[in-house]
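Dumped protein-v5.txt below, it's compact mmCIF, C-alpha atoms:
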# COMPACT_ATOMS: atom_id res chain seq x y z
CA MET A 1 111.07 96.65 99.87
CA GLN A 2 111.27 96.78 103.67
CA THR A 3 109.24 99.98 103.93
CA VAL A 4 106.25 98.57 102.07
CA GLY A 5 106.67 95.15 103.70
CA LEU A 6 106.37 96.68 107.15
CA ALA A 7 103.38 98.70 105.95
CA GLN A 8 101.75 95.47 104.82
CA ALA A 9 102.12 93.90 108.24
CA THR A 10 100.44 96.80 110.04
CA ILE A 11 97.67 97.28 107.47
CA GLU A 12 96.98 93.56 107.44
CA GLU A 13 96.73 93.60 111.25
CA HIS A 14 94.03 96.25 110.78
CA GLY A 15 92.00 93.79 108.70
CA ILE A 16 92.88 94.92 105.17
CA PRO A 17 94.51 92.37 102.81
CA THR A 18 97.65 93.67 101.08
CA ALA A 19 99.94 92.70 98.22
CA SER A 20 103.23 94.29 97.20
CA ILE A 21 105.42 94.43 94.13
CA THR A 22 109.09 93.58 94.64
CA MET A 23 112.16 94.03 92.46
CA LEU A 24 114.37 92.29 95.04
CA ALA A 25 112.70 88.93 95.71
CA ASN A 26 115.62 87.62 97.78
CA ILE A 27 115.30 90.57 100.16
CA THR A 28 111.49 90.26 100.27
CA ALA A 29 111.89 86.57 101.17
CA LYS A 30 113.81 87.67 104.26
CA ILE A 31 111.24 90.31 105.27
CA ARG A 32 108.22 88.05 104.68
CA PRO A 33 105.34 90.42 103.87
CA PRO A 34 102.00 88.58 103.53
CA ARG A 35 101.86 88.63 99.70
CA ALA A 36 104.37 89.83 97.12
CA LEU A 37 104.74 89.67 93.35
CA ALA A 38 108.33 89.58 92.08
CA VAL A 39 108.76 91.48 88.83
CA PRO A 40 111.77 91.14 86.50
CA TYR A 41 112.48 94.85 86.38
CA PRO A 42 115.17 97.07 87.91
CA LEU A 43 114.77 99.19 91.00
CA GLY A 44 112.72 102.25 90.08
CA PHE A 45 110.57 100.29 87.58
CA PRO A 46 107.97 98.37 89.63
CA LEU A 47 105.29 98.74 86.94
CA GLY A 48 107.62 97.62 84.16
CA GLU A 49 107.75 100.37 81.58
CA PRO A 50 106.69 104.02 81.64
CA ASN A 51 103.66 104.81 79.48
CA ASN A 52 102.98 101.13 78.80
CA ALA A 53 99.45 101.06 80.17
CA GLN A 54 98.73 97.48 79.11
CA LEU A 55 101.81 96.09 80.86
CA GLN A 56 101.09 98.17 83.96
CA ARG A 57 97.49 96.89 84.09
CA ASP A 58 98.64 93.29 83.59
CA ILE A 59 101.01 93.62 86.56
CA LEU A 60 98.26 95.12 88.72
CA VAL A 61 95.79 92.37 87.78
CA GLN A 62 98.32 89.70 88.80
CA LEU A 63 99.01 91.63 91.99
CA LEU A 64 95.29 91.83 92.76
CA ALA A 65 94.92 88.07 92.20
CA LEU A 66 97.37 87.41 95.04
CA LEU A 67 94.85 88.95 97.45
CA GLU A 68 92.78 85.75 97.15
CA ARG A 69 95.60 83.85 98.85
CA ASP A 70 95.65 83.19 102.58
CA ASP A 71 98.67 80.82 102.64
CA VAL A 72 100.99 83.62 103.68
CA PRO A 73 103.74 84.54 103.16
CA VAL A 74 103.14 84.34 99.40
CA LEU A 75 105.96 85.28 97.00
CA GLU A 76 105.08 84.71 93.35
CA GLN A 77 106.84 85.56 90.10
CA LEU A 78 105.17 87.73 87.47
CA ARG A 79 103.91 85.57 84.61
CA ALA A 80 104.72 86.71 81.07
CA MET B 81 114.01 89.71 89.62
CA VAL B 82 117.10 91.89 89.55
CA GLU B 83 120.28 89.98 90.23
CA THR B 84 122.02 91.69 93.12
CA ARG B 85 125.36 91.42 91.31
CA LYS B 86 124.06 93.99 88.80
CA LEU B 87 123.69 96.60 91.53
CA SER B 88 126.34 99.08 92.61
CA ASN B 89 128.97 97.85 95.06
CA GLY B 90 127.74 100.14 97.82
CA LEU B 91 124.12 99.10 97.46
CA ARG B 92 125.05 95.44 97.14
CA THR B 93 127.03 95.61 100.37
CA PHE B 94 124.15 97.35 102.12
CA LEU B 95 121.62 94.78 100.93
CA LYS B 96 123.86 91.98 102.14
CA THR B 97 124.74 93.38 105.56
CA TYR B 98 121.65 95.34 106.61
CA ALA B 99 119.64 93.72 109.41
CA TRP B 100 116.33 93.35 107.56
CA ARG B 101 113.21 93.32 109.73
CA ARG B 102 111.67 89.86 109.61
CA ILE B 103 107.89 89.83 109.92
CA ASP B 104 107.05 86.99 112.29
CA PRO B 105 104.37 85.90 112.68
CA VAL B 106 103.02 86.95 109.27
CA PRO B 107 99.60 88.54 109.76
CA VAL B 108 96.83 87.64 107.35
CA ALA B 109 93.58 89.45 106.67
CA LEU B 110 91.01 87.69 104.54
CA LEU B 111 89.34 89.10 101.48
CA GLN B 112 85.71 89.87 102.32
CA LYS B 113 84.31 90.25 98.80
CA PRO B 114 85.28 89.59 95.17
CA ILE B 115 88.13 91.80 93.88
CA SER B 116 85.70 93.18 91.30
CA GLN B 117 83.75 94.76 94.16
CA CYS B 118 86.73 95.98 96.21
CA ARG B 119 87.75 99.53 96.99
CA VAL B 120 91.48 99.68 96.26
CA ALA B 121 94.13 101.94 97.81
CA VAL B 122 97.81 102.24 96.94
CA VAL B 123 100.69 102.72 99.34
CA SER B 124 103.68 104.00 97.38
CA SER B 125 107.20 104.47 98.69
CA ALA B 126 108.23 106.57 95.68
CA GLY B 127 108.23 109.75 97.77
CA PHE B 128 105.64 111.57 95.65
CA VAL B 129 104.16 114.81 96.95
CA VAL B 130 101.23 116.87 95.69
CA PRO B 131 102.55 120.23 94.40
CA GLY B 132 102.54 122.71 97.28
CA ASP B 133 102.61 119.98 99.93
CA GLU B 134 105.59 119.65 102.24
CA PRO B 135 108.47 117.79 100.55
CA PHE B 136 110.05 114.76 102.18
CA SER B 137 113.29 115.45 103.98
CA ASP B 138 116.55 114.09 102.64
CA SER B 139 118.37 114.92 105.86
CA ALA B 140 116.32 113.03 108.46
CA SER B 141 118.53 110.55 110.27
CA GLY B 142 117.48 106.97 109.45
CA GLY B 143 115.03 108.24 106.81
CA ASP B 144 111.95 110.47 106.69
CA ASP B 145 109.20 108.42 108.33
CA SER B 146 106.32 110.81 107.60
CA PHE B 147 103.57 110.21 105.03
CA ARG B 148 101.55 112.27 102.57
CA VAL B 149 98.02 111.76 101.30
CA ILE B 150 97.34 111.71 97.56
CA THR B 151 93.69 111.85 96.66
CA GLY B 152 92.19 109.38 94.22
CA ASP B 153 91.30 112.15 91.79
CA ALA B 154 94.82 113.62 91.76
CA ASP B 155 96.53 114.42 88.47
CA VAL B 156 99.18 111.70 88.75
CA GLN B 157 101.64 113.24 86.32
CA SER B 158 101.66 116.48 88.32
CA LEU B 159 103.03 114.77 91.44
CA GLU B 160 106.53 115.77 92.48
CA ASP B 161 109.23 113.15 92.99
CA HIS B 162 110.95 113.92 96.29
CA HIS B 163 112.68 110.60 96.83
CA ASP B 164 116.32 111.45 97.45
CA SER B 165 117.72 107.92 96.96
CA LYS B 166 120.35 107.42 94.30
CA SER B 167 120.02 103.64 94.69
CA PHE B 168 117.52 103.44 91.85
CA SER B 169 117.03 105.14 88.50
CA HIS B 170 114.39 107.86 88.65
CA ALA B 171 113.96 107.74 84.86
CA GLY B 172 110.84 105.55 85.04
CA VAL B 173 108.88 107.70 87.49
CA GLU B 174 110.12 110.89 85.81
CA ALA B 175 108.68 109.68 82.49
CA ASP B 176 105.42 108.38 83.97
CA ARG B 177 104.34 108.83 87.59
CA ASN B 178 102.11 105.76 87.27
CA MET B 179 105.34 103.78 87.66
CA GLY B 180 105.32 104.71 91.34
CA LEU B 181 101.62 105.34 91.97
CA PRO B 182 99.47 103.76 89.24
CA LEU B 183 96.32 105.81 89.82
CA ASP B 184 95.47 106.13 86.12
CA ARG B 185 95.66 102.35 85.80
CA LEU B 186 93.34 101.85 88.79
CA HIS B 187 90.72 104.12 87.24
CA GLU B 188 90.97 102.05 84.04
CA LEU B 189 90.52 98.83 86.05
CA VAL B 190 87.31 100.28 87.50
CA THR B 191 86.08 100.98 83.98
CA THR B 192 86.84 97.41 82.86
CA GLY B 193 85.22 95.96 86.00
CA GLU B 194 88.40 94.39 87.42
CA ILE B 195 88.00 96.35 90.68
CA GLY B 196 85.06 98.06 92.34
CA SER B 197 86.39 101.53 93.05
CA VAL B 198 89.46 103.67 93.65
CA ALA B 199 89.92 104.72 97.27
CA PRO B 200 89.50 108.44 98.03
CA ARG B 201 92.95 108.65 99.63
CA HIS B 202 96.26 106.96 98.80
CA ILE B 203 99.46 106.97 100.79
CA SER B 204 102.87 108.26 99.82
CA VAL B 205 105.96 107.57 101.89
CA MET B 206 109.61 107.86 101.07
CA GLY B 207 111.33 104.48 101.17
CA SER B 208 114.90 103.87 102.28
CA ILE B 209 113.85 104.19 105.92
CA THR B 210 116.81 102.43 107.49
CA THR B 211 115.72 103.06 111.10
CA PRO B 212 112.02 102.23 110.93
CA ASP B 213 111.12 102.10 114.65
CA ARG B 214 109.02 105.27 114.68
CA PHE B 215 107.66 104.46 111.23
CA VAL B 216 106.32 101.17 112.63
CA SER B 217 105.12 102.50 115.98
CA CYS B 218 103.57 105.83 114.88
CA THR B 219 103.32 106.31 111.11
CA LEU B 220 101.98 102.92 110.05
CA PRO B 221 99.13 102.78 112.61
CA ALA B 222 98.02 106.24 111.44
CA ILE B 223 98.11 105.09 107.82
CA ALA B 224 96.15 101.92 108.62
CA ASP B 225 93.53 103.92 110.55
CA LEU B 226 93.10 106.23 107.57
CA LEU B 227 92.54 103.29 105.21
CA VAL B 228 90.05 101.70 107.60
CA GLU B 229 88.24 105.05 107.91
CA ASP B 230 87.94 105.14 104.10
CA HIS B 231 86.48 101.59 104.06
CA VAL B 232 89.35 100.37 101.90
CA ASP B 233 88.97 96.67 101.06
CA VAL B 234 92.48 95.97 99.74
CA ALA B 235 95.78 97.85 99.62
CA LEU B 236 98.49 97.51 96.96
CA MET B 237 102.09 98.35 97.83
CA VAL B 238 104.40 99.89 95.27
CA PRO B 239 108.07 100.30 96.21
CA VAL B 240 110.65 101.83 93.90

Could you spell out this file's structure in structure tokens?
Amino acid sequence: MQTVGLAQATIEEHGIPTASITMLANITAKIRPPRALAVPYPLGFPLGEPNNAQLQRDILVQLLALLERDDVPVLEQLRA
Amino acid sequence: MVETRKLSNGLRTFLKTYAWRRIDPVPVALLQKPISQCRVAVVSSAGFVVPGDEPFSDSASGGDDSFRVITGDADVQSLEDHHDSKSFSHAGVEADRNMGLPLDRLHELVTTGEIGSVAPRHISVMGSITTPDRFVSCTLPAIADLLVEDHVDVALMVPV
């Protein structure tokens, strides 16, 4: 979570909005990347389930929606 | 969210005692156009490598802080998993590489009009970089420059 969080900070400083998935929201809350979506899945499963294209797209659409937010740091939970 | 008590003792101890980098102040870039018109790139820390490309190192002290480029037209399922961490199950990415770098899903979101386009280049790093100084000072600026050069509008981060 730290690796992508740090990447977010630098990329954001270069003018590109970012949003990350996190499986460890408590750790992400300490790192404070600009925008993160907490998913209820184990480490290794950020997109939920392998070969479940609909679920994977749903997660990405919710992740993309966070990019509209400028009240950083944003840490939201995935909606069912 | 995964409850930390469900993790292994060693990982739980690490997560509790590691001096996490706190981003302060939190930088914010503003969206310049509707998501449906945006060019989207992914930064994945799953450690994927295009076949034939140099693998990530599992022996670099503090973690391998290099990055690899994965083109937007890559065959996702052909990517090789070179993440050496045993802290997470590799079963998901082994069954479907979109779990770590959802390129197929991005192409579908272009088709349905949710996003404008898929960036020509995506970024692969290997997470578990416990000593990220050089990653922050050298690798990340190079990655950001590459995304700017490709006129990327938004970047999605996928850790494993």

Cut-off 7 Å: closest chain B/chain A atom pairs per residue, using only C-alpha atoms, as CSV:
residue,atom,partner,partner_atom,distance
B:Met81,CA,A:Pro40,CA,4.1
B:Val82,CA,A:Pro42,CA,5.8
B:Trp100,CA,A:Ile31,CA,6.4
B:Arg101,CA,A:Ile31,CA,5.7
B:Arg102,CA,A:Ile31,CA,4.4
B:Ile103,CA,A:Arg32,CA,5.5
B:Val106,CA,A:Pro34,CA,6.1
B:Pro107,CA,A:Glu13,CA,6.0
B:Val108,CA,A:Glu12,CA,5.9
B:Ala109,CA,A:Pro17,CA,4.9
B:Leu110,CA,A:Pro17,CA,6.1
B:Leu111,CA,A:Pro17,CA,6.3
B:Ser125,CA,A:Val4,CA,6.9
B:Phe168,CA,A:Leu43,CA,5.1
B:Ser169,CA,A:Gly44,CA,5.4
B:His170,CA,A:Gly44,CA,6.0
B:Gly172,CA,A:Pro50,CA,5.6
B:Ala175,CA,A:Pro50,CA,6.1
B:Asp176,CA,A:Pro50,CA,5.1
B:Met179,CA,A:Leu47,CA,5.1
B:Arg185,CA,A:Arg57,CA,6.0
B:Gly207,CA,A:Thr3,CA,5.7
B:Ile209,CA,A:Thr3,CA,6.6
B:Leu220,CA,A:Ala7,CA,6.0
B:Pro221,CA,A:Thr10,CA,6.6
B:Ala224,CA,A:Ile11,CA,5.0
B:Asp233,CA,A:Ile16,CA,5.9
B:Val234,CA,A:Pro17,CA,5.1
B:Ala235,CA,A:Thr18,CA,4.8
B:Leu236,CA,A:Ala19,CA,5.2
B:Met237,CA,A:Ser20,CA,4.3
B:Val238,CA,A:Ile21,CA,5.7
B:Pro239,CA,A:Met1,CA,6.0
B:Val240,CA,A:Gly44,CA,4.4

Within 12 Å of (101.4, 119.3, 91.6) in the file's own coordinates, which protein, DNA or RNA residues have an atom, counting only C-alpha atoms? List them as an mmCIF file with C-alpha atoms, keeping the file's coordinate frame.
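And here's part04.cif as it stands now:
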data_model
loop_
_atom_site.group_PDB
_atom_site.id
_atom_site.type_symbol
_atom_site.label_atom_id
_atom_site.label_comp_id
_atom_site.auth_asym_id
_atom_site.auth_seq_id
_atom_site.Cartn_x
_atom_site.Cartn_y
_atom_site.Cartn_z
ATOM 1 C CA PHE B 128 105.640 111.570 95.650
ATOM 2 C CA VAL B 129 104.160 114.810 96.950
ATOM 3 C CA VAL B 130 101.230 116.870 95.690
ATOM 4 C CA PRO B 131 102.550 120.230 94.400
ATOM 5 C CA GLY B 132 102.540 122.710 97.280
ATOM 6 C CA ASP B 133 102.610 119.980 99.930
ATOM 7 C CA GLU B 134 105.590 119.650 102.240
ATOM 8 C CA PRO B 135 108.470 117.790 100.550
ATOM 9 C CA ILE B 150 97.340 111.710 97.560
ATOM 10 C CA THR B 151 93.690 111.850 96.660
ATOM 11 C CA ALA B 154 94.820 113.620 91.760
ATOM 12 C CA ASP B 155 96.530 114.420 88.470
ATOM 13 C CA VAL B 156 99.180 111.700 88.750
ATOM 14 C CA GLN B 157 101.640 113.240 86.320
ATOM 15 C CA SER B 158 101.660 116.480 88.320
ATOM 16 C CA LEU B 159 103.030 114.770 91.440
ATOM 17 C CA GLU B 160 106.530 115.770 92.480
ATOM 18 C CA ASP B 161 109.230 113.150 92.990
ATOM 19 C CA HIS B 162 110.950 113.920 96.290
ATOM 20 C CA ARG B 177 104.340 108.830 87.590
#

request  = Work out how far CA of Phe136 in chain B is from CA of His187 in chain B, in Å to one decimal.
outcome  =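 Computed distance, CA of His187 in chain B to CA of Phe136 in chain B, equals 26.6 Å.
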
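Note that CA of Ile195 in chain B and CA of Val120 in chain B are 7.4 Å apart.
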
inquiry  = What's the separation between CA of Thr192 in chain B and CA of Asn178 in chain B, in Å to one decimal place?
reply    =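 Computing it gives 18.0 Å between the two atoms.
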
Taking the partial coordinates given, rebuild range 59-79 of chain A to contain N, CA and C atoms; return it as a PDB file, keeping the file's coordinate frame.
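See part.pdb below for the written result:
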ATOM      1  N   ILE A  59     100.302  93.812  85.289  1.00  0.00           N
ATOM      2  CA  ILE A  59     101.010  93.620  86.560  1.00  0.00           C
ATOM      3  C   ILE A  59     100.032  93.818  87.725  1.00  0.00           C
ATOM      4  N   LEU A  60      99.209  94.856  87.640  1.00  0.00           N
ATOM      5  CA  LEU A  60      98.260  95.120  88.720  1.00  0.00           C
ATOM      6  C   LEU A  60      97.224  93.999  88.852  1.00  0.00           C
ATOM      7  N   VAL A  61      96.777  93.463  87.733  1.00  0.00           N
ATOM      8  CA  VAL A  61      95.790  92.370  87.780  1.00  0.00           C
ATOM      9  C   VAL A  61      96.395  91.139  88.453  1.00  0.00           C
ATOM     10  N   GLN A  62      97.667  90.841  88.137  1.00  0.00           N
ATOM     11  CA  GLN A  62      98.320  89.700  88.800  1.00  0.00           C
ATOM     12  C   GLN A  62      98.545  89.980  90.284  1.00  0.00           C
ATOM     13  N   LEU A  63      98.826  91.241  90.588  1.00  0.00           N
ATOM     14  CA  LEU A  63      99.010  91.630  91.990  1.00  0.00           C
ATOM     15  C   LEU A  63      97.685  91.477  92.752  1.00  0.00           C
ATOM     16  N   LEU A  64      96.610  91.937  92.140  1.00  0.00           N
ATOM     17  CA  LEU A  64      95.290  91.830  92.760  1.00  0.00           C
ATOM     18  C   LEU A  64      94.909  90.368  93.007  1.00  0.00           C
ATOM     19  N   ALA A  65      95.287  89.485  92.071  1.00  0.00           N
ATOM     20  CA  ALA A  65      94.920  88.070  92.200  1.00  0.00           C
ATOM     21  C   ALA A  65      95.550  87.438  93.442  1.00  0.00           C
ATOM     22  N   LEU A  66      96.713  87.955  93.847  1.00  0.00           N
ATOM     23  CA  LEU A  66      97.370  87.410  95.040  1.00  0.00           C
ATOM     24  C   LEU A  66      96.535  87.626  96.298  1.00  0.00           C
ATOM     25  N   LEU A  67      95.648  88.624  96.262  1.00  0.00           N
ATOM     26  CA  LEU A  67      94.850  88.950  97.450  1.00  0.00           C
ATOM     27  C   LEU A  67      93.888  87.820  97.814  1.00  0.00           C
ATOM     28  N   GLU A  68      93.642  86.910  96.866  1.00  0.00           N
ATOM     29  CA  GLU A  68      92.780  85.750  97.150  1.00  0.00           C
ATOM     30  C   GLU A  68      93.482  84.744  98.049  1.00  0.00           C
ATOM     31  N   ARG A  69      94.816  84.869  98.142  1.00  0.00           N
ATOM     32  CA  ARG A  69      95.600  83.850  98.850  1.00  0.00           C
ATOM     33  C   ARG A  69      95.651  84.117 100.347  1.00  0.00           C
ATOM     34  N   ASP A  70      95.511  83.031 101.124  1.00  0.00           N
ATOM     35  CA  ASP A  70      95.650  83.190 102.580  1.00  0.00           C
ATOM     36  C   ASP A  70      96.776  82.313 103.126  1.00  0.00           C
ATOM     37  N   ASP A  71      97.551  81.680 102.213  1.00  0.00           N
ATOM     38  CA  ASP A  71      98.670  80.820 102.640  1.00  0.00           C
ATOM     39  C   ASP A  71      99.951  81.650 102.744  1.00  0.00           C
ATOM     40  N   VAL A  72      99.885  82.663 103.576  1.00  0.00           N
ATOM     41  CA  VAL A  72     100.990  83.620 103.680  1.00  0.00           C
ATOM     42  C   VAL A  72     102.200  83.025 104.412  1.00  0.00           C
ATOM     43  N   PRO A  73     103.437  83.516 104.156  1.00  0.00           N
ATOM     44  CA  PRO A  73     103.740  84.540 103.160  1.00  0.00           C
ATOM     45  C   PRO A  73     103.773  83.975 101.741  1.00  0.00           C
ATOM     46  N   VAL A  74     103.188  84.720 100.807  1.00  0.00           N
ATOM     47  CA  VAL A  74     103.140  84.340  99.400  1.00  0.00           C
ATOM     48  C   VAL A  74     104.158  85.191  98.639  1.00  0.00           C
ATOM     49  N   LEU A  75     105.007  84.548  97.855  1.00  0.00           N
ATOM     50  CA  LEU A  75     105.960  85.280  97.000  1.00  0.00           C
ATOM     51  C   LEU A  75     105.935  84.621  95.630  1.00  0.00           C
ATOM     52  N   GLU A  76     105.259  85.268  94.692  1.00  0.00           N
ATOM     53  CA  GLU A  76     105.080  84.710  93.350  1.00  0.00           C
ATOM     54  C   GLU A  76     105.866  85.521  92.335  1.00  0.00           C
ATOM     55  N   GLN A  77     106.170  84.869  91.204  1.00  0.00           N
ATOM     56  CA  GLN A  77     106.840  85.560  90.100  1.00  0.00           C
ATOM     57  C   GLN A  77     105.791  86.056  89.106  1.00  0.00           C
ATOM     58  N   LEU A  78     106.047  87.221  88.534  1.00  0.00           N
ATOM     59  CA  LEU A  78     105.170  87.730  87.470  1.00  0.00           C
ATOM     60  C   LEU A  78     105.193  86.768  86.294  1.00  0.00           C
ATOM     61  N   ARG A  79     103.998  86.429  85.789  1.00  0.00           N
ATOM     62  CA  ARG A  79     103.910  85.570  84.610  1.00  0.00           C
ATOM     63  C   ARG A  79     103.935  86.436  83.353  1.00  0.00           C
TER      64      ARG A  79
END
